[in-house]
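J.: Contents of final.cif (mmCIF, C-alpha atoms) are below:
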data_upload
#
loop_
_atom_site.group_PDB
_atom_site.id
_atom_site.type_symbol
_atom_site.label_atom_id
_atom_site.label_comp_id
_atom_site.auth_asym_id
_atom_site.auth_seq_id
_atom_site.Cartn_x
_atom_site.Cartn_y
_atom_site.Cartn_z
ATOM 1 C CA MET A 17 39.928 28.041 3.854
ATOM 2 C CA ALA A 18 40.282 26.403 0.436
ATOM 3 C CA THR A 19 43.446 24.387 -0.201
ATOM 4 C CA ALA A 20 45.796 25.049 -3.104
ATOM 5 C CA ALA A 21 44.462 21.914 -4.801
ATOM 6 C CA GLN A 22 40.904 23.238 -4.501
ATOM 7 C CA TRP A 23 41.891 26.596 -5.980
ATOM 8 C CA ILE A 24 43.499 24.777 -8.902
ATOM 9 C CA GLN A 25 40.369 22.670 -9.303
ATOM 10 C CA GLY A 26 38.284 25.838 -9.175
ATOM 11 C CA ALA A 27 40.335 27.264 -12.048
ATOM 12 C CA ARG A 28 38.856 24.419 -14.150
ATOM 13 C CA LEU A 29 41.957 23.366 -16.045
ATOM 14 C CA ARG A 30 39.849 21.271 -18.432
ATOM 15 C CA THR A 31 38.599 24.466 -20.032
ATOM 16 C CA LEU A 32 42.067 25.899 -20.757
ATOM 17 C CA PRO A 33 42.487 24.173 -24.152
ATOM 18 C CA ALA A 34 39.651 26.426 -25.350
ATOM 19 C CA ALA A 35 41.937 29.382 -24.595
ATOM 20 C CA ILE A 36 45.048 27.959 -26.259
ATOM 21 C CA ALA A 37 43.347 26.617 -29.407
ATOM 22 C CA PRO A 38 42.534 29.977 -31.059
ATOM 23 C CA VAL A 39 46.057 31.273 -30.391
ATOM 24 C CA LEU A 40 47.579 28.237 -32.121
ATOM 25 C CA ILE A 41 45.302 28.648 -35.133
ATOM 26 C CA GLY A 42 45.785 32.400 -35.316
ATOM 27 C CA SER A 43 49.574 32.022 -35.123
ATOM 28 C CA ALA A 44 49.572 29.352 -37.840
ATOM 29 C CA ALA A 45 47.517 31.659 -40.061
ATOM 30 C CA ALA A 46 50.120 34.386 -39.478
ATOM 31 C CA TYR A 47 52.896 31.891 -40.300
ATOM 32 C CA GLU A 48 51.234 31.101 -43.611
ATOM 33 C CA MET A 49 51.434 34.809 -44.426
ATOM 34 C CA GLY A 50 55.119 34.853 -43.462
ATOM 35 C CA SER A 51 54.504 36.920 -40.347
ATOM 36 C CA PHE A 52 54.776 34.561 -37.363
ATOM 37 C CA LEU A 53 56.052 36.441 -34.280
ATOM 38 C CA PRO A 54 56.789 34.106 -31.324
ATOM 39 C CA LEU A 55 56.740 36.819 -28.630
ATOM 40 C CA ASN A 56 53.379 38.129 -29.784
ATOM 41 C CA ALA A 57 52.021 34.582 -29.852
ATOM 42 C CA VAL A 58 53.183 33.924 -26.272
ATOM 43 C CA LEU A 59 51.634 37.168 -25.038
ATOM 44 C CA ALA A 60 48.358 36.364 -26.794
ATOM 45 C CA ALA A 61 48.365 32.917 -25.186
ATOM 46 C CA LEU A 62 48.922 34.406 -21.718
ATOM 47 C CA VAL A 63 46.057 36.859 -22.224
ATOM 48 C CA ALA A 64 43.750 34.049 -23.338
ATOM 49 C CA LEU A 65 44.694 31.757 -20.438
ATOM 50 C CA LEU A 66 44.329 34.487 -17.809
ATOM 51 C CA LEU A 67 40.950 35.522 -19.202
ATOM 52 C CA GLN A 68 39.774 31.901 -19.130
ATOM 53 C CA VAL A 69 40.858 31.438 -15.519
ATOM 54 C CA GLY A 70 39.232 34.761 -14.662
ATOM 55 C CA VAL A 71 35.977 33.685 -16.303
ATOM 56 C CA ASN A 72 36.003 30.421 -14.379
ATOM 57 C CA TYR A 73 36.495 32.113 -11.019
ATOM 58 C CA ALA A 74 33.946 34.810 -11.896
ATOM 59 C CA ASN A 75 31.351 32.181 -12.783
ATOM 60 C CA ASP A 76 32.138 30.277 -9.597
ATOM 61 C CA TYR A 77 31.570 33.453 -7.562
ATOM 62 C CA SER A 78 28.439 34.685 -9.342
ATOM 63 C CA ASP A 79 26.700 31.308 -9.560
ATOM 64 C CA GLY A 80 27.711 30.557 -5.982
ATOM 65 C CA ILE A 81 26.175 33.669 -4.435
ATOM 66 C CA ARG A 82 22.994 33.119 -6.469
ATOM 67 C CA GLY A 83 22.695 29.536 -5.243
ATOM 68 C CA THR A 84 22.904 28.110 -8.764
ATOM 69 C CA ASP A 85 25.659 25.646 -7.799
ATOM 70 C CA GLU A 86 24.036 24.275 -4.646
ATOM 71 C CA ASN A 87 22.632 21.132 -6.300
ATOM 72 C CA ARG A 88 24.815 20.844 -9.374
ATOM 73 C CA VAL A 89 26.452 17.678 -10.703
ATOM 74 C CA GLY A 90 30.106 18.029 -11.583
ATOM 75 C CA PRO A 91 33.508 19.221 -10.367
ATOM 76 C CA LEU A 92 34.012 21.295 -7.213
ATOM 77 C CA ARG A 93 32.815 24.885 -7.099
ATOM 78 C CA LEU A 94 34.602 26.944 -4.492
ATOM 79 C CA VAL A 95 31.698 29.158 -3.418
ATOM 80 C CA GLY A 96 28.880 26.667 -3.946
ATOM 81 C CA SER A 97 30.645 24.025 -1.844
ATOM 82 C CA GLY A 98 31.625 26.474 0.858
ATOM 83 C CA ALA A 99 35.323 25.733 0.351
ATOM 84 C CA ALA A 100 36.183 29.420 -0.141
ATOM 85 C CA ARG A 101 34.628 32.712 0.868
ATOM 86 C CA PRO A 102 32.806 34.431 -2.021
ATOM 87 C CA GLU A 103 34.853 37.619 -1.810
ATOM 88 C CA HIS A 104 38.095 35.647 -2.082
ATOM 89 C CA VAL A 105 36.922 33.976 -5.279
ATOM 90 C CA LYS A 106 35.837 37.365 -6.642
ATOM 91 C CA TYR A 107 39.293 38.804 -5.873
ATOM 92 C CA ALA A 108 40.896 35.836 -7.663
ATOM 93 C CA ALA A 109 38.760 36.572 -10.724
ATOM 94 C CA PHE A 110 39.670 40.271 -10.666
ATOM 95 C CA GLY A 111 43.337 39.369 -10.210
ATOM 96 C CA ALA A 112 43.294 37.153 -13.302
ATOM 97 C CA PHE A 113 41.492 39.859 -15.292
ATOM 98 C CA GLY A 114 44.000 42.467 -14.132
ATOM 99 C CA LEU A 115 46.971 40.348 -15.173
ATOM 100 C CA ALA A 116 45.316 39.656 -18.528
ATOM 101 C CA MET A 117 44.919 43.399 -19.116
ATOM 102 C CA LEU A 118 48.565 44.068 -18.211
ATOM 103 C CA VAL A 119 49.825 41.398 -20.610
ATOM 104 C CA GLY A 120 47.395 42.638 -23.235
ATOM 105 C CA LEU A 121 48.712 46.167 -22.781
ATOM 106 C CA ALA A 122 52.236 44.894 -23.425
ATOM 107 C CA LEU A 123 51.009 43.278 -26.657
ATOM 108 C CA VAL A 124 49.333 46.521 -27.715
ATOM 109 C CA LEU A 125 52.501 48.503 -27.018
ATOM 110 C CA ILE A 126 54.572 46.096 -29.113
ATOM 111 C CA THR A 127 52.161 46.071 -32.049
ATOM 112 C CA GLN A 128 50.961 49.684 -31.736
ATOM 113 C CA THR A 129 47.398 48.477 -32.328
ATOM 114 C CA TRP A 130 45.786 50.873 -29.884
ATOM 115 C CA TRP A 131 42.220 50.027 -30.885
ATOM 116 C CA LEU A 132 42.781 46.587 -29.357
ATOM 117 C CA LEU A 133 42.561 48.263 -25.945
ATOM 118 C CA LEU A 134 38.813 48.582 -26.538
ATOM 119 C CA VAL A 135 38.675 44.917 -27.536
ATOM 120 C CA GLY A 136 40.460 43.997 -24.315
ATOM 121 C CA VAL A 137 38.023 45.995 -22.206
ATOM 122 C CA GLY A 138 35.163 44.327 -24.084
ATOM 123 C CA CYS A 139 36.632 40.902 -23.332
ATOM 124 C CA VAL A 140 36.824 41.591 -19.598
ATOM 125 C CA MET A 141 33.311 43.050 -19.512
ATOM 126 C CA ALA A 142 31.979 40.028 -21.403
ATOM 127 C CA ALA A 143 33.849 37.679 -19.074
ATOM 128 C CA TRP A 144 32.332 39.240 -15.964
ATOM 129 C CA GLY A 145 28.902 39.774 -17.478
ATOM 130 C CA TYR A 146 28.413 36.095 -18.324
ATOM 131 C CA THR A 147 27.080 35.309 -14.861
ATOM 132 C CA GLY A 148 27.908 38.532 -12.997
ATOM 133 C CA GLY A 149 25.969 41.755 -12.522
ATOM 134 C CA LYS A 150 22.239 42.378 -12.298
ATOM 135 C CA ASN A 151 21.368 40.968 -15.727
ATOM 136 C CA PRO A 152 23.929 38.254 -16.612
ATOM 137 C CA TYR A 153 23.615 37.300 -20.258
ATOM 138 C CA GLY A 154 24.497 33.684 -19.453
ATOM 139 C CA TYR A 155 21.165 33.444 -17.627
ATOM 140 C CA MET A 156 19.349 34.592 -20.767
ATOM 141 C CA GLY A 157 20.746 31.981 -23.142
ATOM 142 C CA LEU A 158 23.302 34.299 -24.771
ATOM 143 C CA GLY A 159 26.421 32.723 -23.293
ATOM 144 C CA ASP A 160 26.998 30.570 -26.368
ATOM 145 C CA VAL A 161 26.970 33.624 -28.641
ATOM 146 C CA PHE A 162 29.588 35.402 -26.564
ATOM 147 C CA VAL A 163 31.759 32.286 -26.307
ATOM 148 C CA PHE A 164 31.698 31.957 -30.094
ATOM 149 C CA VAL A 165 32.548 35.631 -30.579
ATOM 150 C CA PHE A 166 35.276 35.998 -27.968
ATOM 151 C CA PHE A 167 36.805 32.499 -27.734
ATOM 152 C CA GLY A 168 36.452 31.949 -31.466
ATOM 153 C CA LEU A 169 36.489 35.053 -33.621
ATOM 154 C CA VAL A 170 38.167 37.626 -31.373
ATOM 155 C CA ALA A 171 40.871 35.340 -29.952
ATOM 156 C CA THR A 172 41.830 33.770 -33.285
ATOM 157 C CA LEU A 173 41.605 36.794 -35.552
ATOM 158 C CA GLY A 174 43.154 39.022 -32.889
ATOM 159 C CA THR A 175 46.145 36.695 -32.639
ATOM 160 C CA THR A 176 46.612 36.722 -36.411
ATOM 161 C CA TYR A 177 46.248 40.482 -36.666
ATOM 162 C CA THR A 178 48.790 41.236 -33.924
ATOM 163 C CA GLN A 179 51.370 39.262 -35.900
ATOM 164 C CA ALA A 180 50.499 39.804 -39.571
ATOM 165 C CA GLY A 181 48.591 43.075 -39.480
ATOM 166 C CA GLN A 182 45.852 41.444 -41.549
ATOM 167 C CA ILE A 183 43.625 38.390 -41.610
ATOM 168 C CA GLY A 184 42.827 35.828 -44.307
ATOM 169 C CA LEU A 185 40.388 33.038 -45.098
ATOM 170 C CA PRO A 186 42.276 30.333 -43.109
ATOM 171 C CA ALA A 187 42.129 32.482 -39.979
ATOM 172 C CA VAL A 188 38.398 33.049 -40.461
ATOM 173 C CA ILE A 189 37.666 29.338 -41.027
ATOM 174 C CA GLY A 190 39.805 28.389 -38.035
ATOM 175 C CA ALA A 191 38.125 31.021 -35.876
ATOM 176 C CA ILE A 192 34.683 29.697 -36.744
ATOM 177 C CA GLY A 193 35.793 26.104 -36.164
ATOM 178 C CA THR A 194 37.405 26.584 -32.775
ATOM 179 C CA GLY A 195 34.560 28.881 -31.754
ATOM 180 C CA LEU A 196 32.019 26.163 -32.522
ATOM 181 C CA ILE A 197 33.968 23.579 -30.538
ATOM 182 C CA ALA A 198 34.184 25.997 -27.601
ATOM 183 C CA CYS A 199 30.397 26.371 -27.842
ATOM 184 C CA ALA A 200 30.070 22.580 -27.899
ATOM 185 C CA LEU A 201 32.092 22.447 -24.675
ATOM 186 C CA LEU A 202 29.769 24.981 -23.084
ATOM 187 C CA MET A 203 26.736 23.070 -24.364
ATOM 188 C CA ALA A 204 27.989 19.838 -22.795
ATOM 189 C CA ASN A 205 28.436 21.658 -19.493
ATOM 190 C CA ASN A 206 24.982 23.228 -19.672
ATOM 191 C CA VAL A 207 23.181 20.034 -20.706
ATOM 192 C CA ARG A 208 24.609 18.391 -17.604
ATOM 193 C CA ASP A 209 23.308 21.282 -15.486
ATOM 194 C CA ILE A 210 19.819 21.609 -17.028
ATOM 195 C CA PRO A 211 17.915 20.426 -13.899
ATOM 196 C CA SER A 212 19.791 22.691 -11.470
ATOM 197 C CA ASP A 213 19.724 25.628 -13.913
ATOM 198 C CA ILE A 214 15.951 25.353 -14.336
ATOM 199 C CA GLN A 215 15.573 25.324 -10.575
ATOM 200 C CA ALA A 216 17.780 28.417 -10.260
ATOM 201 C CA GLY A 217 16.046 30.267 -13.106
ATOM 202 C CA LYS A 218 19.149 30.149 -15.324
ATOM 203 C CA LYS A 219 17.813 29.955 -18.889
ATOM 204 C CA THR A 220 20.883 28.807 -20.785
ATOM 205 C CA LEU A 221 20.609 27.903 -24.456
ATOM 206 C CA ALA A 222 20.522 24.245 -23.384
ATOM 207 C CA VAL A 223 17.518 24.972 -21.174
ATOM 208 C CA ARG A 224 15.789 26.887 -23.968
ATOM 209 C CA LEU A 225 16.445 24.187 -26.578
ATOM 210 C CA GLY A 226 15.414 21.371 -24.274
ATOM 211 C CA ASP A 227 17.451 18.298 -23.402
ATOM 212 C CA LYS A 228 17.063 16.444 -26.729
ATOM 213 C CA HIS A 229 17.785 19.321 -29.093
ATOM 214 C CA ALA A 230 20.605 20.656 -26.910
ATOM 215 C CA ARG A 231 22.355 17.279 -27.115
ATOM 216 C CA GLU A 232 21.885 17.198 -30.898
ATOM 217 C CA SER A 233 23.312 20.710 -31.239
ATOM 218 C CA TYR A 234 26.540 19.509 -29.601
ATOM 219 C CA VAL A 235 27.044 16.914 -32.337
ATOM 220 C CA LEU A 236 26.137 19.424 -35.055
ATOM 221 C CA MET A 237 28.655 21.981 -33.825
ATOM 222 C CA LEU A 238 31.493 19.442 -33.812
ATOM 223 C CA ALA A 239 30.546 18.198 -37.290
ATOM 224 C CA VAL A 240 30.405 21.682 -38.836
ATOM 225 C CA ALA A 241 33.707 22.722 -37.224
ATOM 226 C CA ILE A 242 35.582 19.745 -38.628
ATOM 227 C CA LEU A 243 33.974 19.706 -42.081
ATOM 228 C CA LEU A 244 34.619 23.428 -42.632
ATOM 229 C CA VAL A 245 38.239 22.649 -43.519
ATOM 230 C CA VAL A 246 37.012 21.182 -46.812
ATOM 231 C CA ILE A 247 36.618 24.802 -47.987
ATOM 232 C CA LEU A 248 40.396 25.251 -47.739
ATOM 233 C CA ALA A 249 41.338 21.857 -49.219
ATOM 234 C CA PRO A 250 41.446 22.836 -52.927
ATOM 235 C CA THR A 251 44.419 25.158 -52.358
ATOM 236 C CA ARG A 252 45.669 23.690 -49.088
ATOM 237 C CA PRO A 253 45.266 19.888 -49.376
ATOM 238 C CA TRP A 254 47.030 19.187 -46.075
ATOM 239 C CA MET A 255 44.067 20.753 -44.278
ATOM 240 C CA LEU A 256 42.235 17.470 -44.723
ATOM 241 C CA ILE A 257 44.280 16.006 -41.859
ATOM 242 C CA VAL A 258 41.763 17.730 -39.566
ATOM 243 C CA LEU A 259 39.329 14.990 -40.606
ATOM 244 C CA LEU A 260 41.453 12.589 -38.536
ATOM 245 C CA LEU A 261 39.628 14.033 -35.531
ATOM 246 C CA ILE A 262 36.356 12.390 -36.530
ATOM 247 C CA PRO A 263 37.026 9.124 -34.614
ATOM 248 C CA ALA A 264 37.873 11.134 -31.480
ATOM 249 C CA CYS A 265 34.465 12.814 -31.692
ATOM 250 C CA LEU A 266 32.460 9.602 -31.782
ATOM 251 C CA MET A 267 32.592 8.731 -28.080
ATOM 252 C CA PRO A 268 31.677 12.164 -26.676
ATOM 253 C CA ALA A 269 28.972 12.497 -29.338
ATOM 254 C CA TRP A 270 27.568 9.105 -28.332
ATOM 255 C CA LEU A 271 27.640 10.066 -24.650
ATOM 256 C CA MET A 272 25.873 13.325 -25.353
ATOM 257 C CA ILE A 273 23.075 11.631 -27.280
ATOM 258 C CA ASN A 274 22.687 8.537 -25.096
ATOM 259 C CA GLY A 275 24.005 9.429 -21.641
ATOM 260 C CA ARG A 276 20.872 9.763 -19.539
ATOM 261 C CA LYS A 277 22.626 10.214 -16.181
ATOM 262 C CA ARG A 278 24.051 13.703 -15.721
ATOM 263 C CA LYS A 279 27.292 12.325 -14.284
ATOM 264 C CA SER A 280 27.884 10.407 -17.526
ATOM 265 C CA LEU A 281 28.345 13.769 -19.271
ATOM 266 C CA ILE A 282 31.244 14.876 -17.055
ATOM 267 C CA PRO A 283 33.923 13.092 -19.179
ATOM 268 C CA VAL A 284 32.547 14.851 -22.267
ATOM 269 C CA LEU A 285 33.945 18.151 -20.986
ATOM 270 C CA LYS A 286 37.508 16.845 -20.888
ATOM 271 C CA GLN A 287 37.087 15.032 -24.213
ATOM 272 C CA THR A 288 35.710 18.144 -25.916
ATOM 273 C CA GLY A 289 38.541 20.255 -24.557
ATOM 274 C CA LEU A 290 41.039 17.784 -25.999
ATOM 275 C CA ILE A 291 39.148 17.782 -29.307
ATOM 276 C CA ASN A 292 39.490 21.563 -29.445
ATOM 277 C CA LEU A 293 43.212 21.329 -28.763
ATOM 278 C CA GLY A 294 43.584 18.522 -31.315
ATOM 279 C CA TYR A 295 41.632 20.576 -33.850
ATOM 280 C CA ALA A 296 43.962 23.529 -33.316
ATOM 281 C CA VAL A 297 47.096 21.379 -33.635
ATOM 282 C CA LEU A 298 45.933 19.591 -36.796
ATOM 283 C CA PHE A 299 44.548 22.786 -38.340
ATOM 284 C CA SER A 300 47.832 24.583 -37.658
ATOM 285 C CA LEU A 301 49.883 21.651 -38.943
ATOM 286 C CA GLY A 302 47.777 21.557 -42.095
ATOM 287 C CA LEU A 303 48.452 25.237 -42.731
ATOM 288 C CA VAL A 304 52.183 24.893 -42.112
ATOM 289 C CA LEU A 305 52.543 21.847 -44.366
ATOM 290 C CA SER A 306 50.437 23.436 -47.102
ATOM 291 C CA THR A 307 52.663 26.523 -47.017
ATOM 292 C CA GLY A 308 55.555 24.478 -48.398
ATOM 293 C CA LEU A 309 53.590 23.244 -51.422
#
For the file at hand, write its structure as structure tokens.
T.:
Amino acid sequence: MATAAQWIQGARLRTLPAAIAPVLIGSAAAYEMGSFLPLNAVLAALVALLLQVGVNYANDYSDGIRGTDENRVGPLRLVGSGAARPEHVKYAAFGAFGLAMLVGLALVLITQTWWLLLVGVGCVMAAWGYTGGKNPYGYMGLGDVFVFVFFGLVATLGTTYTQAGQIGLPAVIGAIGTGLIACALLMANNVRDIPSDIQAGKKTLAVRLGDKHARESYVLMLAVAILLVVILAPTRPWMLIVLLLIPACLMPAWLMINGRKRKSLIPVLKQTGLINLGYAVLFSLGLVLSTGL
């Protein structure tokens, strides 16, 4: 029987900033358009957090029953370590997904954006299909694409739309930026797991790119995400404060390029999650400050 601490560890709290970041950016974009709605923002954040926890438990379950996590390097996995029964982890994933859908339904009722119900169903299907089912797309190297789409574009633009009823260039730039950083987080995780994934037949994008190019792609994704704000600078000069994140990116980038031992990449996950949160905070602050000019 897994302890409460192990269940919390299995929820992988380090990944939660990737869920909050797009909501912050999307809400700031709505604020710039004079349409910030706190209740809608809170509901969007709850949906994002519950989906992220659900994804983490679902991956734990699916990878665990396939044996992918048996020889992995990194934090505890409930099923792979034998700390929890597989069906219990699966129920935890379904519970998180169910709560996310209920909160999402409340947001749809408030905004009357009924088409978002289809988006919500798509999110849950994508969350489960990453490593679950007969043909998980995460095992085919498509996980990064879905992370970019759902944790970048859908989460950010959906948050903006449920408050402002429209989207603008800042929301799009922010969605691309936070989506790329979320992909960088996934890449760091998958580079660490390349040996065990190859053994398990899990062909992630990191496996397909190879160790060297996968590490380089991490640095490229961070660089593009941060430098994209230059597009907004001519009319929103405060957006340049996002460039203050560059020093924070140096250490994880160095570890990714030079860390030969797989365990040396574990801190990169936490650092990248904090970079994503810092990006969202600075991006949002830049939008808010530029609004007053």
J.: For the interface of stretch 126-203 of chain A with stretch 221-238 of chain A (cut-off 7 Å, counting all atoms listed in the file), please tabulate each contacting residue of stretch 126-203 of chain A alongside its nearest pair of atoms and their separation in Å to one decimal, rows sorted by chain and increasing number, as a Markdown table.
T.:
| residue | atom | partner | partner_atom | distance |
| --- | --- | --- | --- | --- |
| A:Gly157 | CA | A:Leu221 | CA | 4.3 |
| A:Leu158 | CA | A:Leu221 | CA | 6.9 |
| A:Leu196 | CA | A:Met237 | CA | 5.5 |
| A:Ile197 | CA | A:Leu238 | CA | 5.8 |
| A:Ala200 | CA | A:Tyr234 | CA | 5.0 |
| A:Met203 | CA | A:Tyr234 | CA | 6.3 |
J.: Taking C-alpha atoms for each residue, export the selection above as a PDB file, in the coordinates of the input.
T.:
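The file below, result11.pdb, is the result:
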ATOM      1  CA  GLY A 157      20.746  31.981 -23.142  1.00  0.00           C
ATOM      2  CA  LEU A 158      23.302  34.299 -24.771  1.00  0.00           C
ATOM      3  CA  LEU A 196      32.019  26.163 -32.522  1.00  0.00           C
ATOM      4  CA  ILE A 197      33.968  23.579 -30.538  1.00  0.00           C
ATOM      5  CA  ALA A 200      30.070  22.580 -27.899  1.00  0.00           C
ATOM      6  CA  MET A 203      26.736  23.070 -24.364  1.00  0.00           C
TER       7      MET A 203
END
J.: Build an axis-aligned box that encloses every atom of stretch 239-257 of chain A listed in the file, pad it by 8 Å on each side, and report its centre and edge lengths in Å to one decimal, as AutoDock Vina command-line options.
T.:
--center_x 38.7 --center_y 20.6 --center_z -45.1 --size_x 32.6 --size_y 25.2 --size_z 31.7
J.: So how many Å separate atom CA of A:Gly42 and atom CA of A:Ile189, to one decimal?
T.: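 Result for atom CA of A:Gly42 versus atom CA of A:Ile189: 10.4 Å, one decimal.
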J.: Translate the PyMOL selection byres ((chain A and resi 111-124) around 7) into a concrete residue list for this structure, as a PyMOL selection string.
T.: chain A and resi 56+59+63+66-67+69-70+107-110+125-130+132+136+140
J.: Around the point (44.7, 22.2, -49.4) (coordinates from the file), which residues reach within 12 Å if we count all atoms listed in the file? Answer as JSON, numbers by chain.
T.: {"A": [186, 245, 246, 247, 248, 249, 250, 251, 252, 253, 254, 255, 256, 257, 258, 299, 301, 302, 303, 304, 305, 306, 307, 308, 309]}
J.: So that I can check the surroundings of A:Gly168, please list as a VMD selection string every protein, DNA and RNA residue that reaches within 12 Å of it, counting only C-alpha atoms and ignoring chain neighbours fewer than 2 positions away.
T.: chain A and resid 34 to 42 64 160 to 166 170 to 175 187 to 200 241 292 296
J.: Going by the chain IDs and residue numbers used in this file, which residues fall under the PyMOL selection byres ((chain A and resi 145-156) around 7)? Write them as a PyMOL selection string.
T.: chain A and resi 75+78-79+141-144+157-159+218-220
J.: Using all atoms listed in the file, which of the listed residues (A:Arg30, A:Lys279, A:Arg82, A:Lys286) sits closest to A:Val95?
T.: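 Once distances to A:Val95 are computed over all atoms listed in the file, the minimum belongs to A:Arg82.
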J.: Tell me, in Å to one decimal, how far atom CA of A:Val105 is from atom CA of A:Tyr77.
T.: 5.8 Å
J.: In terms of the shortest atom-to-atom distance over all atoms listed in the file, which of A:Val207, A:Leu293, A:Leu298, A:Ile81 is closest to A:Gly275?
T.: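 Smallest separation from A:Gly275 among the options: A:Val207.
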J.: What is the distance, in Å and to one decimal place, between atom CA of A:Pro102 and atom CA of A:Met17?
T.: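 Interatomic distance here is 11.2 Å.
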J.: (36.7, 25.7, -3.3) in this file's frame - what residues fall within 8 Å of it? Use all atoms listed in the file and give the answer as a count of residues only.
T.: 15
J.: Can you turn the PyMOL selection byres ((chain A and resi 49) around 10) into a concrete residue list for this file, as a PyMOL selection string?
T.: chain A and resi 43-48+50-52+176+179-180+182-184+307
J.: Hey, what's within 8 Å of A:Asn205 if we count all atoms listed in the file and toss same-chain stuff fewer than 3 positions away? As a PyMOL selection string, please?
T.: chain A and resi 201-202+208-209+281-282+285
